[in-house]
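> Let me give you the structure first, and then I'll get to my questions.
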2 protein chains.
Amino acid sequence: MTTKLRREDILAAVEDAGHRLTGSRRAIFELLEGMEGGFSAEEINLALGGVGRATVYRTLRLLIKEGLLCKLFSDEGSPKYTVAKFGHHHHTICVSCGKVGEFRDSSVERLLKAVSADIEGTIVGHNLELYVNCSECIS
Amino acid sequence: MTTKLRREDILAAVEDAGHRLTGSRRAIFELLEGMEGGFSAEEINLALGGVGRATVYRTLRLLIKEGLLCKLFSDEGSPKYTVAKFGHHHHTICVSCGKVGEFRDSSVERLLKAVSADIEGTIVGHNLELYVNCSECIS
DNA sequence: CTACTGATTGAGACACAGTATCATGACAAC
DNA sequence: GTTGTCATGATACTGTGTCTCAATCAGTAG
């Protein structure tokens, strides 16, 4: 299951949301297009010498707000950003190599209905992460 | 569903794991005993003037390793620590007031079995967070 | 094309959470 | 009590991200 993000998808989404298409943003989008799995903000910074650090973080935050990226925190290591090809999805994180995957499962939604009876309050969202040993780390 | 942590539980667990019961640790344990919901490391620091910052963080890390605390990251605000009365559980986080709750549900485990077919790799753990509007924030 | 205007930028200072270092002090086993 | 080692506290440091602000740019209206 590949989870690449196409540049034109980003451009359209960002423009539709009323944001300007600047050179720095285009450069970041172009870089993200080839990204797969999780990456850190600093990787983007290093790869794009001409773009300011603040701009990189601002743009990542923008893309998260528009639902094109996710941010994953982990107890170990730095936060990871991942592309969000599917509108709604969940993540697998390899506990050995840190690689991030993405999956979608409708039974999660069914689960929530079942759980909601035990919860005081109303559920407005959720986050499910699976910690795995990925196929490469097993072999 | 109250999720208080009793001091004697902590003392036993920490001693069993071969750690020393120092004055600073006792002070932190005593404070945690009354804690409910999520709290930040800095709250502990402020409440315990005599204990060094590093020691507070070291002790929180220790308790996480021994399974007595959980650490929750959120997109907004600082990381929250929560007591883990149940061995395994999940969290509810109020998107309005930030209050953290805890629940247990066996259907989550059933869900994982169903999902595991779609995942490449073997599942070794998971994390489920529900974002809610808590009963106080609704009313 | 030109001018306008507010969004965006880059540089650097800053904020915050947490860790590393290391000399000093405390725990607990004997 | 003595002793070995684990833990502490002060402080410096790292890493991740935000704030500030003057300068610049993108998109639009004329």
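Letters A, B, ... mark the chains of the structure tokens in the order given; residue numbers begin at 1 per chain; ligand numbers begin at 1, in order shown.
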Find the residues around Glu33 of chain B up to 6 Å (only C-alpha atoms (C1' of nucleotides) counted), leave out those fewer than 2 positions away in its own chain, and share them as a list in words.

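With the cut-off at 6 Å, the set is Leu5, Arg6, Arg7, Glu30, Leu31 and Met35 of chain B.
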
> Taking only segment 15-104 of chain A into account, list the residues labelled strand (DSSP E or B) by DSSP (computed from the backbone), as a PyMOL selection string.

chain A and resi 38-39+69-72+80-83+90-94+100-103

> Got time to write the residues from that selection, N, CA, C and O atoms, as a PDB file, in the first residue's frame?


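New file part.pdb:
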ATOM      1  N   GLY A  38       7.415   7.940   7.516  1.00  0.00           N
ATOM      2  CA  GLY A  38       7.562   9.090   8.398  1.00  0.00           C
ATOM      3  C   GLY A  38       8.870   9.829   8.161  1.00  0.00           C
ATOM      4  O   GLY A  38       9.866   9.235   7.800  1.00  0.00           O
ATOM      5  N   PHE A  39       8.829  11.134   8.342  1.00  0.00           N
ATOM      6  CA  PHE A  39      10.037  11.933   8.209  1.00  0.00           C
ATOM      7  C   PHE A  39       9.979  13.040   9.250  1.00  0.00           C
ATOM      8  O   PHE A  39       8.913  13.417   9.709  1.00  0.00           O
ATOM      9  N   LEU A  69      -1.224  16.207   5.971  1.00  0.00           N
ATOM     10  CA  LEU A  69      -0.159  15.569   6.730  1.00  0.00           C
ATOM     11  C   LEU A  69      -0.687  15.171   8.101  1.00  0.00           C
ATOM     12  O   LEU A  69      -1.656  15.734   8.594  1.00  0.00           O
ATOM     13  N   CYS A  70      -0.013  14.204   8.718  1.00  0.00           N
ATOM     14  CA  CYS A  70      -0.255  13.853  10.109  1.00  0.00           C
ATOM     15  C   CYS A  70       1.044  14.025  10.874  1.00  0.00           C
ATOM     16  O   CYS A  70       2.128  13.929  10.310  1.00  0.00           O
ATOM     17  N   LYS A  71       0.909  14.267  12.136  1.00  0.00           N
ATOM     18  CA  LYS A  71       2.084  14.354  12.995  1.00  0.00           C
ATOM     19  C   LYS A  71       1.982  13.257  14.038  1.00  0.00           C
ATOM     20  O   LYS A  71       0.959  13.124  14.705  1.00  0.00           O
ATOM     21  N   LEU A  72       3.044  12.480  14.158  1.00  0.00           N
ATOM     22  CA  LEU A  72       3.047  11.356  15.092  1.00  0.00           C
ATOM     23  C   LEU A  72       4.098  11.576  16.161  1.00  0.00           C
ATOM     24  O   LEU A  72       5.260  11.804  15.866  1.00  0.00           O
ATOM     25  N   LYS A  80       7.366  12.507  14.126  1.00  0.00           N
ATOM     26  CA  LYS A  80       7.431  12.169  12.710  1.00  0.00           C
ATOM     27  C   LYS A  80       6.205  12.728  11.998  1.00  0.00           C
ATOM     28  O   LYS A  80       5.095  12.668  12.522  1.00  0.00           O
ATOM     29  N   TYR A  81       6.444  13.258  10.811  1.00  0.00           N
ATOM     30  CA  TYR A  81       5.351  13.699   9.961  1.00  0.00           C
ATOM     31  C   TYR A  81       5.110  12.631   8.914  1.00  0.00           C
ATOM     32  O   TYR A  81       6.060  12.017   8.421  1.00  0.00           O
ATOM     33  N   THR A  82       3.867  12.417   8.562  1.00  0.00           N
ATOM     34  CA  THR A  82       3.555  11.450   7.518  1.00  0.00           C
ATOM     35  C   THR A  82       2.520  12.033   6.582  1.00  0.00           C
ATOM     36  O   THR A  82       1.676  12.826   7.004  1.00  0.00           O
ATOM     37  N   VAL A  83       2.612  11.636   5.326  1.00  0.00           N
ATOM     38  CA  VAL A  83       1.615  12.066   4.359  1.00  0.00           C
ATOM     39  C   VAL A  83       0.308  11.346   4.647  1.00  0.00           C
ATOM     40  O   VAL A  83       0.299  10.245   5.160  1.00  0.00           O
ATOM     41  N   HIS A  90      -5.217   5.170   9.894  1.00  0.00           N
ATOM     42  CA  HIS A  90      -4.461   4.933  11.117  1.00  0.00           C
ATOM     43  C   HIS A  90      -3.046   4.529  10.756  1.00  0.00           C
ATOM     44  O   HIS A  90      -2.764   4.263   9.597  1.00  0.00           O
ATOM     45  N   HIS A  91      -2.187   4.490  11.762  1.00  0.00           N
ATOM     46  CA  HIS A  91      -0.774   4.268  11.483  1.00  0.00           C
ATOM     47  C   HIS A  91      -0.240   2.996  12.134  1.00  0.00           C
ATOM     48  O   HIS A  91      -0.662   2.616  13.210  1.00  0.00           O
ATOM     49  N   THR A  92       0.701   2.404  11.428  1.00  0.00           N
ATOM     50  CA  THR A  92       1.526   1.361  12.033  1.00  0.00           C
ATOM     51  C   THR A  92       2.932   1.919  12.194  1.00  0.00           C
ATOM     52  O   THR A  92       3.432   2.604  11.311  1.00  0.00           O
ATOM     53  N   ILE A  93       3.544   1.642  13.317  1.00  0.00           N
ATOM     54  CA  ILE A  93       4.877   2.146  13.587  1.00  0.00           C
ATOM     55  C   ILE A  93       5.751   0.966  13.981  1.00  0.00           C
ATOM     56  O   ILE A  93       5.453   0.260  14.945  1.00  0.00           O
ATOM     57  N   CYS A  94       6.804   0.742  13.222  1.00  0.00           N
ATOM     58  CA  CYS A  94       7.694  -0.377  13.531  1.00  0.00           C
ATOM     59  C   CYS A  94       8.525  -0.020  14.756  1.00  0.00           C
ATOM     60  O   CYS A  94       9.232   0.985  14.766  1.00  0.00           O
ATOM     61  N   VAL A 100       6.964   4.048   9.339  1.00  0.00           N
ATOM     62  CA  VAL A 100       5.550   4.330   9.548  1.00  0.00           C
ATOM     63  C   VAL A 100       4.745   3.849   8.360  1.00  0.00           C
ATOM     64  O   VAL A 100       5.101   4.107   7.213  1.00  0.00           O
ATOM     65  N   GLY A 101       3.683   3.137   8.618  1.00  0.00           N
ATOM     66  CA  GLY A 101       2.754   2.716   7.578  1.00  0.00           C
ATOM     67  C   GLY A 101       1.384   3.298   7.830  1.00  0.00           C
ATOM     68  O   GLY A 101       1.161   3.989   8.825  1.00  0.00           O
ATOM     69  N   GLU A 102       0.488   3.020   6.933  1.00  0.00           N
ATOM     70  CA  GLU A 102      -0.829   3.625   6.989  1.00  0.00           C
ATOM     71  C   GLU A 102      -1.848   2.560   6.638  1.00  0.00           C
ATOM     72  O   GLU A 102      -1.594   1.744   5.754  1.00  0.00           O
ATOM     73  N   PHE A 103      -2.952   2.528   7.330  1.00  0.00           N
ATOM     74  CA  PHE A 103      -3.999   1.593   6.929  1.00  0.00           C
ATOM     75  C   PHE A 103      -5.363   2.178   7.264  1.00  0.00           C
ATOM     76  O   PHE A 103      -5.488   3.121   8.037  1.00  0.00           O
TER      77      PHE A 103
END

> What residues in chain B have any atom no more than 8 Å from chain C when counting only C-alpha atoms (C1' of nucleotides), and can you write them as a list in words?

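The answer, sorted by residue number, is Arg20, Leu21, Thr22 and Tyr57 of chain B.
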
> Provide as a PyMOL selection string the residues of chain D at most 9 Å from chain B, counting only C-alpha atoms (C1' of nucleotides).

chain D and resi 6-10

> Starting from chain A, keep only residues with some atom at most 9 Å from an atom of chain B, counting only C-alpha atoms, and report them as a ChimeraX atom specification.

/A:71-75,92,94-95,101,103-105,107-108,111-112,114-115,118-138

> Run DSSP on the backbone and give me the residues of segment 46-124 of chain B it puts in alpha helix (DSSP H), as a compact mmCIF listing (two decimals) with N, CA and C atoms, in the first residue's frame.


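Once everything was written out, this is selection_25.txt:
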# COMPACT_ATOMS: atom_id res chain seq x y z
N LEU B 46 6.78 22.31 40.15
CA LEU B 46 6.34 23.47 40.94
C LEU B 46 5.88 23.05 42.32
N ALA B 47 5.19 21.91 42.39
CA ALA B 47 4.64 21.47 43.67
C ALA B 47 5.73 20.99 44.62
N ARG B 53 14.74 19.39 39.07
CA ARG B 53 13.98 19.15 37.85
C ARG B 53 14.38 17.83 37.20
N ALA B 54 15.66 17.58 37.13
CA ALA B 54 16.13 16.36 36.49
C ALA B 54 15.59 15.13 37.20
N THR B 55 15.55 15.20 38.52
CA THR B 55 15.05 14.06 39.28
C THR B 55 13.59 13.81 39.00
N VAL B 56 12.81 14.87 38.88
CA VAL B 56 11.40 14.69 38.55
C VAL B 56 11.26 13.97 37.22
N TYR B 57 11.98 14.44 36.22
CA TYR B 57 11.89 13.81 34.91
C TYR B 57 12.40 12.37 34.95
N ARG B 58 13.49 12.16 35.69
CA ARG B 58 14.01 10.80 35.80
C ARG B 58 12.99 9.88 36.45
N THR B 59 12.33 10.38 37.47
CA THR B 59 11.37 9.53 38.19
C THR B 59 10.13 9.26 37.33
N LEU B 60 9.67 10.26 36.60
CA LEU B 60 8.54 10.02 35.71
C LEU B 60 8.91 8.97 34.67
N ARG B 61 10.11 9.08 34.15
CA ARG B 61 10.55 8.10 33.15
C ARG B 61 10.60 6.71 33.76
N LEU B 62 11.08 6.64 34.99
CA LEU B 62 11.14 5.36 35.70
C LEU B 62 9.75 4.75 35.84
N LEU B 63 8.80 5.56 36.24
CA LEU B 63 7.44 5.06 36.46
C LEU B 63 6.79 4.64 35.15
N ILE B 64 7.12 5.31 34.08
CA ILE B 64 6.61 4.90 32.77
C ILE B 64 7.16 3.53 32.43
N LYS B 65 8.47 3.37 32.65
CA LYS B 65 9.10 2.09 32.32
C LYS B 65 8.49 0.96 33.13
N SER B 107 -13.18 -5.20 23.42
CA SER B 107 -13.45 -5.28 21.99
C SER B 107 -12.31 -4.69 21.17
N VAL B 108 -11.48 -3.89 21.82
CA VAL B 108 -10.31 -3.39 21.11
C VAL B 108 -9.40 -4.54 20.71
N GLU B 109 -9.24 -5.47 21.64
CA GLU B 109 -8.38 -6.62 21.35
C GLU B 109 -8.95 -7.44 20.18
N ARG B 110 -10.27 -7.57 20.17
CA ARG B 110 -10.89 -8.31 19.07
C ARG B 110 -10.65 -7.59 17.74
N LEU B 111 -10.75 -6.26 17.82
CA LEU B 111 -10.51 -5.46 16.62
C LEU B 111 -9.12 -5.75 16.04
N LEU B 112 -8.13 -5.84 16.92
CA LEU B 112 -6.77 -6.02 16.45
C LEU B 112 -6.62 -7.32 15.68
N LYS B 113 -7.28 -8.36 16.16
CA LYS B 113 -7.23 -9.63 15.44
C LYS B 113 -7.74 -9.45 14.03
N ALA B 114 -8.85 -8.71 13.91
CA ALA B 114 -9.44 -8.51 12.60
C ALA B 114 -8.52 -7.69 11.70
N VAL B 115 -7.90 -6.69 12.28
CA VAL B 115 -7.06 -5.80 11.49
C VAL B 115 -5.75 -6.47 11.07
N SER B 116 -5.27 -7.38 11.91
CA SER B 116 -3.91 -7.90 11.70
C SER B 116 -3.74 -8.54 10.33

> Just the number, please: distance in Å from atom CA of Ser78 of chain B to atom CA of Gly37 of chain B, one decimal.

14.3 Å
